[in-house]
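This report concerns only the one structure given below.
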Amino acid sequence: MFGLGTKNIGIDLGTANTLVYMEGKGIVLREPSVVAKNTQTGEVIAVGSEAKEMIGRTPGTIVAIRPMRDGVIADYDTTAAMLKYFIEKTVSNSKPSVMVCVPSGVTEVEKRAVIDATRVAGAREAFVIEEPFAAAIGAGLPVMDPTGSMVVDIGGGTTDVATISLGGIVSSTSIRQAGDKFNSAIINHIHSSFNLLIGERTAEDIKIQIGSASVEKAKEIESMNIRGRDLVTGLPKSVDVEAVDIAKAIQDVVQNIIIAIKETLEQTSPEIAADVIDHGIILTGGGALLKNLPEVISEATKVPVFIAQNPLDCVAIGTGESLKNIEVMRKSRK
Ligand code: ADP
Ligand code: MG
């Protein structure tokens with residue numbers, strides 16, 4: 001019968017990764033937000049990890065697309081196709097109610113696009129929750145209490161900074177400076193220092209292996225051997241890159257994240273700022289794993305900084321937990 005036995009799901013539709021949380025089960029799917037398509041027919045060839053492997057390696061007839069950019073839908077049809085694949089993979093033939101997160105500060109049009117794409121993808125109904133709020137729930141912060149918490153979610157496309165108190169967002173800032181910008185800073189650095197062209201995947205590997213938010217601390221990290229294409233000879237070449245140089249290359253992005261945090265703190269009341277000083281700032285999202293990032297933010301803001309447990313999962317967990325409020329949201333929509 002309609003809806004009977006259907007589990008509702010929460011989806012963290014991220015620029016880099018999509019996660020699905022199923023009621024009563026927790027996170028049941030984690031895949032890169034990538035779709036491989038045939039350029040001639042538009043046919044979807046692969047979705048998720050399989051499609052990510054194809055980035056930078058596709059022949060002329062196949063293109064690997066990341067349909068989300070800067071936290072919002074950049075390619076509507078491809079996003080809907082990707083969501084359809086992920087929803088079918090988790091709930092097979094049933095039509096679930098779906099809670100999806102959106103970055104804070106998106107426009108009504110962007111929010112609508114997420115709701116519509118989710119329904120096109122097979123949801124019976126779709127609701128949205130603001131990402132920093134979901135991140136805070138997933139990080140275990142006391143979001144309903146009369147005390148201020150600050151969460152900084154560093155994803156692929158955006159860094160979302162928010163203070164939260166009494167079940168709502170008090171102040172927030174979203175900047176288009178996050179994981180992807182770290183990668184492009186690394187690509188540019190390798191290009192100008194070695195005349196070497198590397199792809200997005202290699203840049204990401206460098207960031208994860210030897211990337212450091214602190215130039216000073218990067219001196220303790222070993223160099224890394226990488227391969228790319230020599231722009232002069234056109235031939236493959238390998239070079240050793242130093243962690244200190246990578247740290248310098250990504251400093252601008254690190255500093256922009258710190259500025260966003262400071263601005264958000266300035267927008268809050270003195271009471272909330274005092275609460276944040278007491279409880280610290282919590283980092284979520286994959287970018288939270290950049291080496292030495294908590295120390296660098298803490299030094300600049302004079303506030304303690306912690307990484308949430310399982311930072312990559314926080315938004316999905318928070319989105320899933322907020323499925324409990326779906327009844328309330330249904331009523332308030334009418
Ligand atoms: P989104 O919510 O935008 O999909 P995620 O929270 O899933 O993003 O985080 C993905 C980003 O985190 C990517 O840019 C990825 O390169 C980055 N990332 C993952 N692990 C690490 C790590 N160990 N160090 C630095 N960055 C990381
Ligand atoms: Mg995210």
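As shown in the structure tokens, the chain order sets the letters A, B, ...; within each chain, residues go from 1, and ligands are also counted from 1 in the order they appear.
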
Contacts of Val109 in chain A at 12 Å (only C-alpha atoms; same-chain gap of 6+ positions) as a list in words: Val72, Ile73, Val102, Ile115 and Asp116 of chain A

Surrounding residues as a list in words, ligand 2, max 6 Å, only C-alpha atoms and all ligand atoms: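 Those within range of ligand 2 are Gly14, Gly155 and Gly285 of chain A.
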
Non-local contacts of range 245-254 of chain A (6 Å; only C-alpha atoms; under 2 positions in same chain excluded) as a ChimeraX atom specification: /A:182,185,212-213,215,242-243,256-257

File of the preceding selection, N, CA, C and O atoms, as a CSV table (one decimal), in the first residue's frame:
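selection_29.csv was written with the following content:
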```csv
chain,number,residue,atom,x,y,z
A,182,PHE,N,41.0,25.1,-2.7
A,182,PHE,CA,42.3,24.5,-2.3
A,182,PHE,C,42.9,23.8,-3.5
A,182,PHE,O,44.1,24.0,-3.8
A,185,ALA,N,44.1,26.1,-6.2
A,185,ALA,CA,45.3,26.9,-5.8
A,185,ALA,C,46.5,25.9,-6.0
A,185,ALA,O,47.6,26.4,-6.4
A,212,SER,N,48.6,21.5,4.4
A,212,SER,CA,48.6,22.0,5.8
A,212,SER,C,48.2,23.5,5.8
A,212,SER,O,48.6,24.3,5.0
A,213,ALA,N,47.3,23.8,6.8
A,213,ALA,CA,46.8,25.1,6.9
A,213,ALA,C,47.9,26.0,7.5
A,213,ALA,O,47.8,27.3,7.3
A,215,VAL,N,51.8,27.1,7.5
A,215,VAL,CA,53.1,27.1,6.7
A,215,VAL,C,54.2,26.6,7.7
A,215,VAL,O,55.0,25.7,7.3
A,242,GLU,N,57.0,20.2,-2.2
A,242,GLU,CA,57.2,20.4,-0.8
A,242,GLU,C,56.0,20.9,-0.1
A,242,GLU,O,55.2,21.7,-0.6
A,243,ALA,N,55.7,20.3,1.1
A,243,ALA,CA,54.5,20.7,1.9
A,243,ALA,C,54.5,22.2,2.2
A,243,ALA,O,53.4,22.8,2.2
A,256,ASN,N,40.7,33.5,3.9
A,256,ASN,CA,39.4,33.9,3.6
A,256,ASN,C,38.4,33.1,4.5
A,256,ASN,O,37.4,33.7,4.9
A,257,ILE,N,38.7,31.9,4.9
A,257,ILE,CA,37.8,31.2,5.8
A,257,ILE,C,37.9,31.8,7.2
A,257,ILE,O,36.8,32.0,7.8
```

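Selecting all polymer residues at most 7 Å from ligand 1, using only C-alpha atoms and all ligand atoms, gives Leu13, Gly14, Thr15, Ala16, Asn17, Thr18, Gly71, Ile154, Gly155, Gly156, Gly157, Thr158, Ala178, Gly179, Asp180, Glu204, Lys207, Ile208, Gly211, Gly285, Gly286, Gly287, Ala288, Leu289, Leu290, Lys291 and Leu312 of chain A.
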
Selection near range 28-31 of chain A, 6 Å with only C-alpha atoms, sequence-local residues under 5 positions removed, as a ChimeraX atom specification: /A:17-21,48-49

Members of range 47-293 of chain A assigned helix (DSSP H, G or I) by DSSP, as JSON, numbers by chain: {"A": [49, 50, 51, 52, 76, 77, 78, 79, 80, 81, 82, 83, 84, 85, 86, 87, 88, 89, 90, 91, 108, 109, 110, 111, 112, 113, 114, 115, 116, 117, 118, 119, 120, 131, 132, 133, 134, 135, 136, 137, 138, 179, 180, 181, 182, 183, 184, 185, 186, 187, 188, 189, 190, 191, 192, 193, 194, 200, 201, 202, 203, 204, 205, 206, 207, 208, 209, 210, 215, 216, 217, 218, 243, 244, 245, 246, 247, 248, 249, 251, 252, 253, 254, 255, 256, 257, 258, 259, 260, 261, 262, 263, 264, 265, 266, 270, 271, 272, 273, 274, 275, 276, 277, 278, 279, 286, 287, 288, 289, 293]}

Given only C-alpha atoms as the counted atoms, nearest of A:Ala134, A:Leu235, A:Ala300, A:Ile210 to Ala162 in chain A: A:Ala134

Top pick for closest residue to Val47 in chain A, considering A:Pro236, A:Gly60, A:Pro146, A:Pro32 and counting only C-alpha atoms: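 With only C-alpha atoms as the atom set, the closest residue is A:Pro32.
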
Shell of 9 Å around range 320-324 of chain A, only C-alpha atoms, local chain residues under 3 positions omitted, as a list in words: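 Everything that qualifies: Asn8, Ile9, Gly10, Ile11, Asp12, Val20, Tyr21, Met22, Glu23, Gly26, Ile27, Ser97, Val98, Met99, Val100, Ile129, Ala134, Ile137, Gly138, Val315, Ala316, Ile317, Glu327 and Val328 of chain A.
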
Among listed residues A:Thr118, A:Thr264, A:Asn292, A:Gln255, nearest Glu88 in chain A (using only C-alpha atoms): A:Thr118

Two-atom distance - CA of Ser104 in chain A, CA of Ser174 in chain A (Å): 6.8 Å

Residue nearest Ile307 in chain A - candidates A:Ala81, A:Met150, A:Met68, A:Ala218, atoms counted: only C-alpha atoms: A:Met150

Contacts of Val276 in chain A within 7 Å, only C-alpha atoms, excl. fewer than 5 positions in-chain, as number ranges by chain: A: 148-150, 281

For Lys52 in chain A: contacts at 12 Å, only C-alpha atoms, fewer than 4 positions along chain excluded, given as a PDB file with C-alpha atoms, in the first residue's frame:
```pdb
ATOM      1  CA  ALA A  16      31.698  16.975  -3.539  1.00  0.00           C
ATOM      2  CA  ASN A  17      29.736  14.121  -1.943  1.00  0.00           C
ATOM      3  CA  GLU A  31      29.098   8.656  -3.075  1.00  0.00           C
ATOM      4  CA  PRO A  32      30.884  11.456  -4.920  1.00  0.00           C
ATOM      5  CA  SER A  33      28.440  13.889  -6.587  1.00  0.00           C
ATOM      6  CA  VAL A  34      29.597  12.985 -10.073  1.00  0.00           C
ATOM      7  CA  VAL A  35      27.756  11.746 -13.152  1.00  0.00           C
ATOM      8  CA  ALA A  36      29.318  10.383 -16.353  1.00  0.00           C
ATOM      9  CA  LYS A  37      27.275  11.011 -19.487  1.00  0.00           C
ATOM     10  CA  ILE A  45      26.790   5.981 -18.055  1.00  0.00           C
ATOM     11  CA  ALA A  46      27.887   5.977 -14.439  1.00  0.00           C
ATOM     12  CA  VAL A  47      27.074   7.763 -11.158  1.00  0.00           C
ATOM     13  CA  GLY A  48      29.065   8.242  -7.969  1.00  0.00           C
ATOM     14  CA  GLY A  56      40.024  13.655 -16.453  1.00  0.00           C
ATOM     15  CA  ARG A  57      40.170  10.237 -18.116  1.00  0.00           C
ATOM     16  CA  THR A  58      37.164  10.311 -20.420  1.00  0.00           C
ATOM     17  CA  VAL A  63      31.987  13.562 -19.973  1.00  0.00           C
ATOM     18  CA  ALA A  64      32.201  13.346 -16.189  1.00  0.00           C
ATOM     19  CA  ILE A  65      30.043  16.125 -14.701  1.00  0.00           C
ATOM     20  CA  ARG A  66      29.859  17.511 -11.177  1.00  0.00           C
ATOM     21  CA  GLU A 200      41.754  17.846 -10.099  1.00  0.00           C
ATOM     22  CA  ARG A 201      42.273  14.332  -8.732  1.00  0.00           C
TER      23      ARG A 201
END
```
